[in-house]
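Asker: A single structure is presented below for examination.
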Amino acid sequence: MKYIKQFILILAISFVGELLKYLLPLPVPASIYGMVLMFLALLTGVIRLEHVRETGKFLIEIMPLMFIPAGVGLMSSWSTLKPLLLPVAVITVVTIVTVMVASGHTAQFILKREEKRGEDHA
């Protein structure tokens, strides 16, 4: 019963995200609205982590299964996607490298800043 209550709570937040998508004239997916709402609710304490923890863990564990239909859809559209393979591969590699470099520099910047704060307080 606990899982059902937690799942209903998560679905309710997702539904509010869908409503926001319908009501607001912004090009933001409903799932993003839902995640932001859930984040804010958890951050402010409106929803405690214990209210969604087990079901959230379960949903993360089964997430790979959710990609199977998308993968099958890609395979069935192979003839359409084949000419785009090289540009998409190049864009993917460039994007991955860019994100890795930016993340590394950001992490180094934060670590150096924290290290300086530690020295200043010592």
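Residues in the structure tokens are named by chain (A, B, ... in the order shown) and by number from 1 within that chain; ligands are numbered from 1 in the order shown.
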Skipping near chain neighbours, those fewer than 3 positions away, what residues fall within 12 Å of Leu59 in chain A using only C-alpha atoms, listed as a list in words?
Answerer: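 Close residues of Leu59 in chain A: Tyr3, Gln6, Phe7, Ile10, Leu11, Val52, Arg53, Glu54, Thr55, Gly56, Ile62, Met63, Pro64, Leu65 and Met66 of chain A.
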Asker: Report as a PyMOL selection string all protein, DNA and RNA residues lying within 10 Å of Lys21 in chain A, evaluated on only C-alpha atoms, omitting residues in the same chain fewer than 3 positions from it.
Answerer: chain A and resi 15-18+24-34
Asker: Could you save those same residues with all heavy atoms as a short mmCIF file (atom, residue, chain, number, x, y, z; two decimals), in the first residue's frame?
Answerer:
data_model
loop_
_atom_site.label_atom_id
_atom_site.label_comp_id
_atom_site.auth_asym_id
_atom_site.auth_seq_id
_atom_site.Cartn_x
_atom_site.Cartn_y
_atom_site.Cartn_z
N PHE A 15 1.11 15.09 -13.08
CA PHE A 15 -0.13 15.64 -13.64
C PHE A 15 -0.14 17.17 -13.55
O PHE A 15 -0.54 17.85 -14.49
CB PHE A 15 -1.34 15.05 -12.92
CG PHE A 15 -2.65 15.58 -13.43
CD1 PHE A 15 -3.11 15.22 -14.69
CD2 PHE A 15 -3.41 16.46 -12.67
CE1 PHE A 15 -4.31 15.71 -15.17
CE2 PHE A 15 -4.60 16.96 -13.15
CZ PHE A 15 -5.06 16.59 -14.41
N VAL A 16 0.33 17.70 -12.43
CA VAL A 16 0.41 19.16 -12.29
C VAL A 16 1.40 19.71 -13.33
O VAL A 16 1.16 20.78 -13.91
CB VAL A 16 0.82 19.56 -10.85
CG1 VAL A 16 1.08 21.05 -10.75
CG2 VAL A 16 -0.26 19.14 -9.87
N GLY A 17 2.47 18.98 -13.59
CA GLY A 17 3.40 19.38 -14.64
C GLY A 17 2.72 19.41 -16.00
O GLY A 17 2.95 20.32 -16.81
N GLU A 18 1.87 18.42 -16.27
CA GLU A 18 1.11 18.40 -17.52
C GLU A 18 0.17 19.60 -17.61
O GLU A 18 0.03 20.23 -18.66
CB GLU A 18 0.29 17.11 -17.64
CG GLU A 18 1.12 15.86 -17.84
CD GLU A 18 1.72 15.74 -19.23
OE1 GLU A 18 1.24 16.40 -20.17
OE2 GLU A 18 2.69 14.99 -19.37
N LEU A 24 0.76 27.20 -19.55
CA LEU A 24 1.81 28.18 -19.80
C LEU A 24 2.27 28.13 -21.26
O LEU A 24 2.49 27.04 -21.80
CB LEU A 24 3.00 27.93 -18.87
CG LEU A 24 2.72 28.09 -17.38
CD1 LEU A 24 3.95 27.72 -16.58
CD2 LEU A 24 2.26 29.49 -17.06
N PRO A 25 2.44 29.27 -21.89
CA PRO A 25 2.84 29.28 -23.31
C PRO A 25 4.35 29.18 -23.51
O PRO A 25 4.91 29.87 -24.34
CB PRO A 25 2.31 30.65 -23.78
CG PRO A 25 2.43 31.51 -22.58
CD PRO A 25 2.14 30.62 -21.40
N LEU A 26 5.01 28.36 -22.73
CA LEU A 26 6.45 28.19 -22.83
C LEU A 26 6.79 26.85 -23.49
O LEU A 26 6.07 25.87 -23.28
CB LEU A 26 7.10 28.26 -21.45
CG LEU A 26 6.89 29.55 -20.66
CD1 LEU A 26 7.41 29.40 -19.25
CD2 LEU A 26 7.57 30.71 -21.36
N PRO A 27 7.88 26.78 -24.23
CA PRO A 27 8.26 25.50 -24.86
C PRO A 27 9.03 24.59 -23.91
O PRO A 27 10.14 24.16 -24.19
CB PRO A 27 9.14 25.97 -26.03
CG PRO A 27 9.78 27.22 -25.52
CD PRO A 27 8.74 27.88 -24.65
N VAL A 28 8.43 24.30 -22.76
CA VAL A 28 9.06 23.47 -21.75
C VAL A 28 8.26 22.17 -21.64
O VAL A 28 7.04 22.20 -21.49
CB VAL A 28 9.09 24.20 -20.38
CG1 VAL A 28 9.68 23.31 -19.32
CG2 VAL A 28 9.85 25.50 -20.50
N PRO A 29 8.92 21.01 -21.70
CA PRO A 29 8.19 19.74 -21.58
C PRO A 29 7.54 19.60 -20.20
O PRO A 29 8.05 20.10 -19.19
CB PRO A 29 9.29 18.68 -21.77
CG PRO A 29 10.42 19.38 -22.40
CD PRO A 29 10.34 20.81 -21.98
N ALA A 30 6.43 18.90 -20.18
CA ALA A 30 5.70 18.69 -18.92
C ALA A 30 6.55 17.95 -17.90
O ALA A 30 6.46 18.22 -16.70
CB ALA A 30 4.41 17.93 -19.20
N SER A 31 7.41 17.06 -18.35
CA SER A 31 8.25 16.31 -17.41
C SER A 31 9.21 17.24 -16.67
O SER A 31 9.51 17.01 -15.50
CB SER A 31 9.03 15.23 -18.15
OG SER A 31 9.84 15.80 -19.15
N ILE A 32 9.68 18.28 -17.33
CA ILE A 32 10.57 19.24 -16.68
C ILE A 32 9.81 20.01 -15.62
O ILE A 32 10.30 20.21 -14.50
CB ILE A 32 11.19 20.20 -17.71
CG1 ILE A 32 11.99 19.44 -18.76
CG2 ILE A 32 12.05 21.26 -17.02
CD1 ILE A 32 13.14 18.63 -18.21
N TYR A 33 8.59 20.45 -15.95
CA TYR A 33 7.76 21.11 -14.94
C TYR A 33 7.56 20.19 -13.73
O TYR A 33 7.68 20.61 -12.58
CB TYR A 33 6.39 21.48 -15.50
CG TYR A 33 6.37 22.68 -16.41
CD1 TYR A 33 5.82 22.59 -17.68
CD2 TYR A 33 6.89 23.90 -16.01
CE1 TYR A 33 5.79 23.69 -18.51
CE2 TYR A 33 6.86 25.00 -16.84
CZ TYR A 33 6.31 24.89 -18.09
OH TYR A 33 6.27 25.98 -18.92
N GLY A 34 7.27 18.93 -14.00
CA GLY A 34 7.05 17.97 -12.91
C GLY A 34 8.29 17.79 -12.05
O GLY A 34 8.21 17.76 -10.82
#
